[in-house]
Amino acid sequence: TKNGYDHYMLKEIREQPHALRKCLRGRVDAPGRSVSIDAVEAITEPNHVHFVACGTSYHASLYAARLFRERGMRATPFLASQYDLDAIPIGTDTLVVGVTQSGETADTVSALQVANDVGATTLTVTNVVGSSATREADHAMYIRAGPEISVAATKTFVSQQAALAMLSSAFSGECTREFVTGIRALPDRIQSILDQSRAKAIAAEYADADAYFPIGRGSNAAAALEGALKIKEITYKHAEGFPAGELKHGPLALVTDRTPVFAIVDGDSEAETMIGTLNEVDARGAPVIAVTDCPETIEPHADHVLEVPETDSRFTPILATVQLQLVSYWIANRLGRSIDKPRNLAKSVTVE
Ligand code: M6R
């Protein structure tokens, strides 16, 4: 049941702290102790890691591949539907990770099949025990998010990100205090966003906009793409996410006073460059909503701030995602959309 909520989507957004606690349990228990993932113990160290996934799960893969690379591993995300078509070289020393909430996405399952056929090792990171992806892959890791009813993925996205972050730590054998503290604090930090978010008021102010452009740099670019997908799916309005650096290479032509720009700004790594981008956007008259952990620095350059708690930069995209989920939910709610079952979409896409 919806437990008193109007929509499963809002219920599932609010379940995120609980879902994450389940995802972390027994895997990252104490600072100083390494992350333990059963599947990883059975896998010999790969030379290259490929992620294959669709939609939201692809955005989790963009995020994950970057974490793996930060730890010195070769890792590349691919859209599952393009994997076989793009002549990607797959070696027997490649680990192919199929990231799929449902475990039933045809494109992802067939990408795993392609990998198995050439003798690569395969792993699926999924929410559903016994799903097709678990049967196709050599190994499985479960995100333990619990059932997700809403077509728009929310709690399963943050659980995928946390699971993949743990996977990067387990593979690299590197588990710093910052990592453990940061990941273990995620449930409480998300709870504090849920308790205090001003997303509903922002949504009310901009529900009649022409289009929405979430932007971010580095791993926040993946969060921007995900924010835009969420807005598109449930509001039926044009939204496009961009790595912030790309804005001036074309998309800036779309920016007007009717296109709010949601800028994810991490105070540790990107504030200065992002301020330049915000000023450019502001000069075109666009409303700027900053999703940031450094409100004092950014406030002078933004019309509104949606605050996220400070954390290790690796986890900022996860927190920013929660604010953008709420923005998309409240815009769709205001527009009276069919939030849990958007037109033309299915929860899992079982045809290629
Ligand atoms: O079950 P999967 O994670 O394999 O599904 C992949 C996509 O179809 C899915 O993420 C889709 O983009 C969602 N509706 C996003 O909210």
# chains A, B, ... in the order shown; residues from 1 in each chain; ligands from 1
>>> residues_near_ligand(ligand="ligand 1", cutoff="6 Å", atoms="only C-alpha atoms and all ligand atoms", output="CSV table (one decimal) with all heavy atoms, in the first residue's frame")
chain,number,residue,atom,x,y,z
A,54,CYS,N,20.7,0.7,-18.7
A,54,CYS,CA,19.8,1.6,-19.4
A,54,CYS,C,19.2,2.6,-18.4
A,54,CYS,O,19.1,2.3,-17.2
A,54,CYS,CB,18.6,0.8,-20.0
A,54,CYS,SG,19.1,-0.5,-21.0
A,55,GLY,N,18.8,3.7,-18.9
A,55,GLY,CA,18.1,4.7,-18.2
A,55,GLY,C,18.8,5.1,-16.9
A,55,GLY,O,20.0,5.4,-16.8
A,56,THR,N,18.0,5.1,-15.8
A,56,THR,CA,18.5,5.5,-14.5
A,56,THR,C,19.7,4.6,-14.1
A,56,THR,O,20.7,5.1,-13.5
A,56,THR,CB,17.4,5.4,-13.5
A,56,THR,OG1,16.5,6.4,-13.7
A,56,THR,CG2,17.9,5.5,-12.1
A,57,SER,N,19.6,3.3,-14.4
A,57,SER,CA,20.7,2.4,-14.1
A,57,SER,C,22.0,2.8,-14.8
A,57,SER,O,23.1,2.6,-14.3
A,57,SER,CB,20.4,1.0,-14.4
A,57,SER,OG,19.2,0.6,-13.6
A,100,THR,N,21.0,-3.3,-13.2
A,100,THR,CA,19.6,-3.3,-13.6
A,100,THR,C,18.7,-3.5,-12.3
A,100,THR,O,18.8,-4.6,-11.7
A,100,THR,CB,19.3,-4.4,-14.7
A,100,THR,OG1,17.8,-4.6,-14.8
A,100,THR,CG2,19.9,-5.7,-14.4
A,101,GLN,N,17.9,-2.6,-12.1
A,101,GLN,CA,17.0,-2.7,-10.9
A,101,GLN,C,16.1,-4.0,-11.0
A,101,GLN,O,16.1,-4.8,-10.1
A,101,GLN,CB,16.1,-1.4,-10.9
A,101,GLN,CG,15.1,-1.3,-9.7
A,101,GLN,CD,13.9,-2.2,-9.8
A,101,GLN,OE1,13.6,-2.9,-8.8
A,101,GLN,NE2,13.2,-2.2,-10.9
A,102,SER,N,15.4,-4.1,-12.1
A,102,SER,CA,14.4,-5.2,-12.3
A,102,SER,C,15.1,-6.5,-12.6
A,102,SER,O,14.6,-7.6,-12.3
A,102,SER,CB,13.5,-4.9,-13.5
A,102,SER,OG,14.2,-4.8,-14.7
A,103,GLY,N,16.3,-6.4,-13.2
A,103,GLY,CA,16.9,-7.7,-13.7
A,103,GLY,C,16.3,-8.2,-14.9
A,103,GLY,O,16.6,-9.3,-15.4
A,105,THR,N,15.5,-6.1,-17.8
A,105,THR,CA,15.7,-5.2,-19.0
A,105,THR,C,16.4,-6.0,-20.1
A,105,THR,O,17.5,-6.4,-20.0
A,105,THR,CB,16.4,-4.0,-18.6
A,105,THR,OG1,15.7,-3.3,-17.6
A,105,THR,CG2,16.6,-3.1,-19.8
A,151,VAL,N,7.0,3.8,-11.6
A,151,VAL,CA,7.9,3.6,-12.8
A,151,VAL,C,9.2,4.4,-12.6
A,151,VAL,O,10.2,3.9,-13.0
A,151,VAL,CB,7.1,4.0,-14.0
A,151,VAL,CG1,8.0,4.1,-15.2
A,151,VAL,CG2,6.0,2.9,-14.3
A,152,ALA,N,9.1,5.5,-12.1
A,152,ALA,CA,10.3,6.3,-11.9
A,152,ALA,C,11.2,5.8,-10.8
A,152,ALA,O,10.7,5.6,-9.7
A,152,ALA,CB,9.9,7.8,-11.6
A,153,ALA,N,12.4,5.4,-11.1
A,153,ALA,CA,13.3,4.8,-10.2
A,153,ALA,C,13.8,5.9,-9.2
A,153,ALA,O,14.3,6.9,-9.7
A,153,ALA,CB,14.5,4.1,-10.9
A,347,LYS,N,7.5,-0.2,-16.2
A,347,LYS,CA,8.5,-0.3,-15.2
A,347,LYS,C,9.7,-1.1,-15.6
A,347,LYS,O,10.8,-0.7,-15.4
A,347,LYS,CB,7.9,-1.0,-13.9
A,347,LYS,CG,8.9,-1.1,-12.7
A,347,LYS,CD,9.3,0.2,-12.2
A,347,LYS,CE,10.2,0.1,-11.0
A,347,LYS,NZ,10.9,1.4,-10.7
A,348,SER,N,9.5,-2.2,-16.4
A,348,SER,CA,10.7,-2.8,-16.9
A,348,SER,C,10.4,-3.1,-18.4
A,348,SER,O,9.3,-3.5,-18.8
A,348,SER,CB,11.1,-4.1,-16.2
A,348,SER,OG,10.1,-5.0,-16.1
A,349,VAL,N,11.5,-2.9,-19.2
A,349,VAL,CA,11.4,-2.9,-20.6
A,349,VAL,C,11.9,-4.2,-21.1
A,349,VAL,O,13.2,-4.4,-21.2
A,349,VAL,CB,12.1,-1.7,-21.3
A,349,VAL,CG1,11.9,-1.7,-22.8
A,349,VAL,CG2,11.6,-0.4,-20.6
>>> closest_atom_pairs(of="range 270-324 of chain A", to="range 192-211 of chain A", cutoff="10 Å", atoms="only C-alpha atoms", output="tab-separated table")
residue	atom	partner	partner_atom	distance
A:Pro287	CA	A:Tyr206	CA	9.0
A:Ile289	CA	A:Ile202	CA	8.4
A:His304	CA	A:Ile202	CA	8.0
A:Val305	CA	A:Arg198	CA	8.6
A:Leu306	CA	A:Arg198	CA	6.5
A:Glu307	CA	A:Ser197	CA	7.6
A:Val308	CA	A:Ile193	CA	6.5
A:Pro309	CA	A:Ile193	CA	7.8
A:Leu319	CA	A:Ile193	CA	7.9
A:Ala320	CA	A:Ile193	CA	9.4
A:Val322	CA	A:Ile193	CA	7.5
A:Gln323	CA	A:Ala199	CA	6.5
A:Leu324	CA	A:Ala199	CA	7.8
>>> select_by_dssp(residues="range 131-169 of chain A", states="strand (DSSP E)", output="PyMOL selection string")
chain A and resi 139-142
>>> write_last_selection(atoms="N, CA and C atoms", output="short mmCIF file (atom, residue, chain, number, x, y, z; two decimals), in the first residue's frame")
data_model
loop_
_atom_site.label_atom_id
_atom_site.label_comp_id
_atom_site.auth_asym_id
_atom_site.auth_seq_id
_atom_site.Cartn_x
_atom_site.Cartn_y
_atom_site.Cartn_z
N HIS A 139 27.80 -13.88 -11.50
CA HIS A 139 27.70 -13.47 -10.09
C HIS A 139 26.62 -12.41 -9.92
N ALA A 140 26.12 -12.28 -8.69
CA ALA A 140 25.10 -11.27 -8.42
C ALA A 140 25.40 -10.54 -7.12
N MET A 141 25.12 -9.24 -7.14
CA MET A 141 25.14 -8.46 -5.91
C MET A 141 23.76 -7.79 -5.82
N TYR A 142 23.15 -7.87 -4.64
CA TYR A 142 21.80 -7.32 -4.48
C TYR A 142 21.84 -5.95 -3.81
#
>>> closest_residue(among="A:Thr76, A:Gln113, A:Ser328, A:Ser168", to="Leu10 in chain A", atoms="only C-alpha atoms")
A:Ser328
>>> residues_around(residues="Thr44 in chain A", least_positions_apart="5", cutoff="12 Å", atoms="only C-alpha atoms", output="NGL selection string")
:A and (39 or 49 or 92-95 or 120-122 or 139 or 171-172)
>>> residues_around(residues="Ala223 in chain A", least_positions_apart="6", cutoff="9 Å", atoms="only C-alpha atoms", output="number ranges by chain")
A: 59-60, 63, 214-216, 241, 264, 317-318, 320-321, 324
>>> write_last_selection(atoms="all heavy atoms", output="JSON list (two decimals), in the first residue's frame")
[["chain", "number", "residue", "atom", "x", "y", "z"],
["A", 59, "HIS", "N", 22.80, 5.90, -15.45],
["A", 59, "HIS", "CA", 23.33, 7.04, -14.70],
["A", 59, "HIS", "C", 24.09, 6.56, -13.46],
["A", 59, "HIS", "O", 25.13, 7.12, -13.11],
["A", 59, "HIS", "CB", 22.21, 8.01, -14.33],
["A", 59, "HIS", "CG", 21.52, 8.58, -15.53],
["A", 59, "HIS", "ND1", 20.19, 8.91, -15.55],
["A", 59, "HIS", "CD2", 22.00, 8.84, -16.78],
["A", 59, "HIS", "CE1", 19.88, 9.35, -16.76],
["A", 59, "HIS", "NE2", 20.96, 9.32, -17.51],
["A", 60, "ALA", "N", 23.58, 5.50, -12.82],
["A", 60, "ALA", "CA", 24.31, 4.92, -11.68],
["A", 60, "ALA", "C", 25.66, 4.38, -12.17],
["A", 60, "ALA", "O", 26.68, 4.46, -11.47],
["A", 60, "ALA", "CB", 23.49, 3.81, -11.03],
["A", 63, "TYR", "N", 28.22, 7.17, -12.67],
["A", 63, "TYR", "CA", 28.73, 7.52, -11.34],
["A", 63, "TYR", "C", 29.76, 6.48, -10.88],
["A", 63, "TYR", "O", 30.85, 6.82, -10.42],
["A", 63, "TYR", "CB", 27.53, 7.58, -10.39],
["A", 63, "TYR", "CG", 27.87, 7.67, -8.93],
["A", 63, "TYR", "CD1", 28.26, 8.88, -8.36],
["A", 63, "TYR", "CD2", 27.80, 6.54, -8.10],
["A", 63, "TYR", "CE1", 28.57, 8.96, -7.00],
["A", 63, "TYR", "CE2", 28.10, 6.63, -6.75],
["A", 63, "TYR", "CZ", 28.48, 7.83, -6.21],
["A", 63, "TYR", "OH", 28.80, 7.91, -4.87],
["A", 214, "PRO", "N", 19.14, 20.68, -15.61],
["A", 214, "PRO", "CA", 20.07, 20.38, -14.53],
["A", 214, "PRO", "C", 21.51, 20.29, -15.07],
["A", 214, "PRO", "O", 21.73, 19.73, -16.15],
["A", 214, "PRO", "CB", 19.62, 19.01, -14.02],
["A", 214, "PRO", "CG", 18.24, 18.80, -14.58],
["A", 214, "PRO", "CD", 18.23, 19.56, -15.88],
["A", 215, "ILE", "N", 22.46, 20.87, -14.35],
["A", 215, "ILE", "CA", 23.87, 20.80, -14.77],
["A", 215, "ILE", "C", 24.75, 20.45, -13.57],
["A", 215, "ILE", "O", 24.39, 20.69, -12.42],
["A", 215, "ILE", "CB", 24.36, 22.13, -15.40],
["A", 215, "ILE", "CG1", 24.23, 23.30, -14.40],
["A", 215, "ILE", "CG2", 23.59, 22.45, -16.67],
["A", 215, "ILE", "CD1", 24.90, 24.60, -14.90],
["A", 216, "GLY", "N", 25.91, 19.88, -13.88],
["A", 216, "GLY", "CA", 26.87, 19.56, -12.83],
["A", 216, "GLY", "C", 28.20, 19.20, -13.45],
["A", 216, "GLY", "O", 28.25, 18.92, -14.66],
["A", 241, "GLY", "N", 19.81, 17.23, -19.07],
["A", 241, "GLY", "CA", 20.92, 17.39, -18.15],
["A", 241, "GLY", "C", 22.21, 17.54, -18.92],
["A", 241, "GLY", "O", 22.38, 16.92, -19.98],
["A", 264, "ILE", "N", 24.13, 21.80, -9.77],
["A", 264, "ILE", "CA", 24.68, 21.07, -8.61],
["A", 264, "ILE", "C", 26.10, 21.59, -8.39],
["A", 264, "ILE", "O", 26.94, 21.49, -9.29],
["A", 264, "ILE", "CB", 24.69, 19.56, -8.88],
["A", 264, "ILE", "CG1", 23.28, 19.09, -9.30],
["A", 264, "ILE", "CG2", 25.17, 18.81, -7.64],
["A", 264, "ILE", "CD1", 23.23, 17.66, -9.80],
["A", 317, "PRO", "N", 26.79, 13.70, -5.19],
["A", 317, "PRO", "CA", 25.78, 13.45, -6.24],
["A", 317, "PRO", "C", 24.56, 12.69, -5.71],
["A", 317, "PRO", "O", 23.45, 12.90, -6.19],
["A", 317, "PRO", "CB", 26.52, 12.59, -7.26],
["A", 317, "PRO", "CG", 27.96, 12.75, -6.98],
["A", 317, "PRO", "CD", 28.12, 13.15, -5.55],
["A", 318, "ILE", "N", 24.77, 11.82, -4.74],
["A", 318, "ILE", "CA", 23.65, 11.04, -4.20],
["A", 318, "ILE", "C", 22.71, 11.99, -3.45],
["A", 318, "ILE", "O", 21.48, 11.92, -3.60],
["A", 318, "ILE", "CB", 24.17, 9.91, -3.27],
["A", 318, "ILE", "CG1", 25.08, 8.97, -4.07],
["A", 318, "ILE", "CG2", 23.00, 9.17, -2.63],
["A", 318, "ILE", "CD1", 25.56, 7.74, -3.32],
["A", 320, "ALA", "N", 22.43, 15.27, -3.89],
["A", 320, "ALA", "CA", 21.82, 16.21, -4.85],
["A", 320, "ALA", "C", 20.65, 15.54, -5.57],
["A", 320, "ALA", "O", 19.62, 16.17, -5.85],
["A", 320, "ALA", "CB", 22.86, 16.67, -5.86],
["A", 321, "THR", "N", 20.80, 14.25, -5.86],
["A", 321, "THR", "CA", 19.74, 13.50, -6.53],
["A", 321, "THR", "C", 18.43, 13.58, -5.75],
["A", 321, "THR", "O", 17.36, 13.74, -6.33],
["A", 321, "THR", "CB", 20.17, 12.02, -6.67],
["A", 321, "THR", "OG1", 21.17, 11.97, -7.68],
["A", 321, "THR", "CG2", 19.02, 11.12, -7.05],
["A", 324, "LEU", "N", 16.62, 16.75, -6.40],
["A", 324, "LEU", "CA", 16.03, 16.79, -7.75],
["A", 324, "LEU", "C", 14.85, 15.83, -7.89],
["A", 324, "LEU", "O", 13.90, 16.11, -8.62],
["A", 324, "LEU", "CB", 17.11, 16.53, -8.81],
["A", 324, "LEU", "CG", 18.18, 17.62, -8.89],
["A", 324, "LEU", "CD1", 19.25, 17.26, -9.92],
["A", 324, "LEU", "CD2", 17.58, 18.99, -9.24]]
>>> decode(residues="range 218-266 of chain A", atoms="C-alpha atoms", output="JSON list (two decimals), in the first residue's frame")
[["chain", "number", "residue", "atom", "x", "y", "z"],
["A", 218, "GLY", "CA", 32.48, 15.62, -12.61],
["A", 219, "SER", "CA", 30.35, 13.02, -10.90],
["A", 220, "ASN", "CA", 27.62, 15.61, -10.43],
["A", 221, "ALA", "CA", 27.09, 15.47, -14.20],
["A", 222, "ALA", "CA", 25.59, 11.99, -13.75],
["A", 223, "ALA", "CA", 23.25, 13.40, -11.09],
["A", 224, "ALA", "CA", 22.25, 16.16, -13.54],
["A", 225, "LEU", "CA", 21.39, 13.61, -16.24],
["A", 226, "GLU", "CA", 19.36, 11.62, -13.74],
["A", 227, "GLY", "CA", 17.55, 14.74, -12.52],
["A", 228, "ALA", "CA", 16.55, 15.55, -16.09],
["A", 229, "LEU", "CA", 15.35, 12.02, -16.80],
["A", 230, "LYS", "CA", 13.17, 12.13, -13.68],
["A", 231, "ILE", "CA", 11.65, 15.47, -14.72],
["A", 232, "LYS", "CA", 10.94, 14.21, -18.26],
["A", 233, "GLU", "CA", 9.38, 10.95, -17.17],
["A", 234, "ILE", "CA", 6.87, 12.28, -14.72],
["A", 235, "THR", "CA", 6.21, 15.92, -15.70],
["A", 236, "TYR", "CA", 6.18, 15.37, -19.53],
["A", 237, "LYS", "CA", 8.14, 18.59, -19.84],
["A", 238, "HIS", "CA", 11.37, 19.13, -21.68],
["A", 239, "ALA", "CA", 14.37, 18.62, -19.46],
["A", 240, "GLU", "CA", 17.96, 18.00, -20.38],
["A", 241, "GLY", "CA", 20.92, 17.39, -18.15],
["A", 242, "PHE", "CA", 24.37, 18.60, -19.14],
["A", 243, "PRO", "CA", 27.89, 18.36, -17.86],
["A", 244, "ALA", "CA", 28.17, 22.06, -16.97],
["A", 245, "GLY", "CA", 31.24, 22.56, -19.16],
["A", 246, "GLU", "CA", 29.22, 21.64, -22.26],
["A", 247, "LEU", "CA", 26.69, 24.40, -21.80],
["A", 248, "LYS", "CA", 28.62, 26.98, -23.78],
["A", 249, "HIS", "CA", 29.18, 24.52, -26.64],
["A", 250, "GLY", "CA", 25.55, 24.68, -27.76],
["A", 251, "PRO", "CA", 22.88, 24.22, -25.11],
["A", 252, "LEU", "CA", 23.29, 27.81, -23.91],
["A", 253, "ALA", "CA", 21.25, 28.80, -26.99],
["A", 254, "LEU", "CA", 18.23, 27.19, -25.31],
["A", 255, "VAL", "CA", 18.59, 29.14, -22.08],
["A", 256, "THR", "CA", 15.97, 31.87, -21.53],
["A", 257, "ASP", "CA", 14.09, 33.41, -18.63],
["A", 258, "ARG", "CA", 11.66, 30.48, -18.93],
["A", 259, "THR", "CA", 14.22, 27.70, -18.46],
["A", 260, "PRO", "CA", 15.26, 27.23, -14.85],
["A", 261, "VAL", "CA", 18.79, 25.86, -14.49],
["A", 262, "PHE", "CA", 19.40, 23.50, -11.56],
["A", 263, "ALA", "CA", 23.11, 23.68, -10.85],
["A", 264, "ILE", "CA", 24.68, 21.07, -8.61],
["A", 265, "VAL", "CA", 27.64, 22.77, -6.99],
["A", 266, "ASP", "CA", 30.10, 20.89, -4.81]]
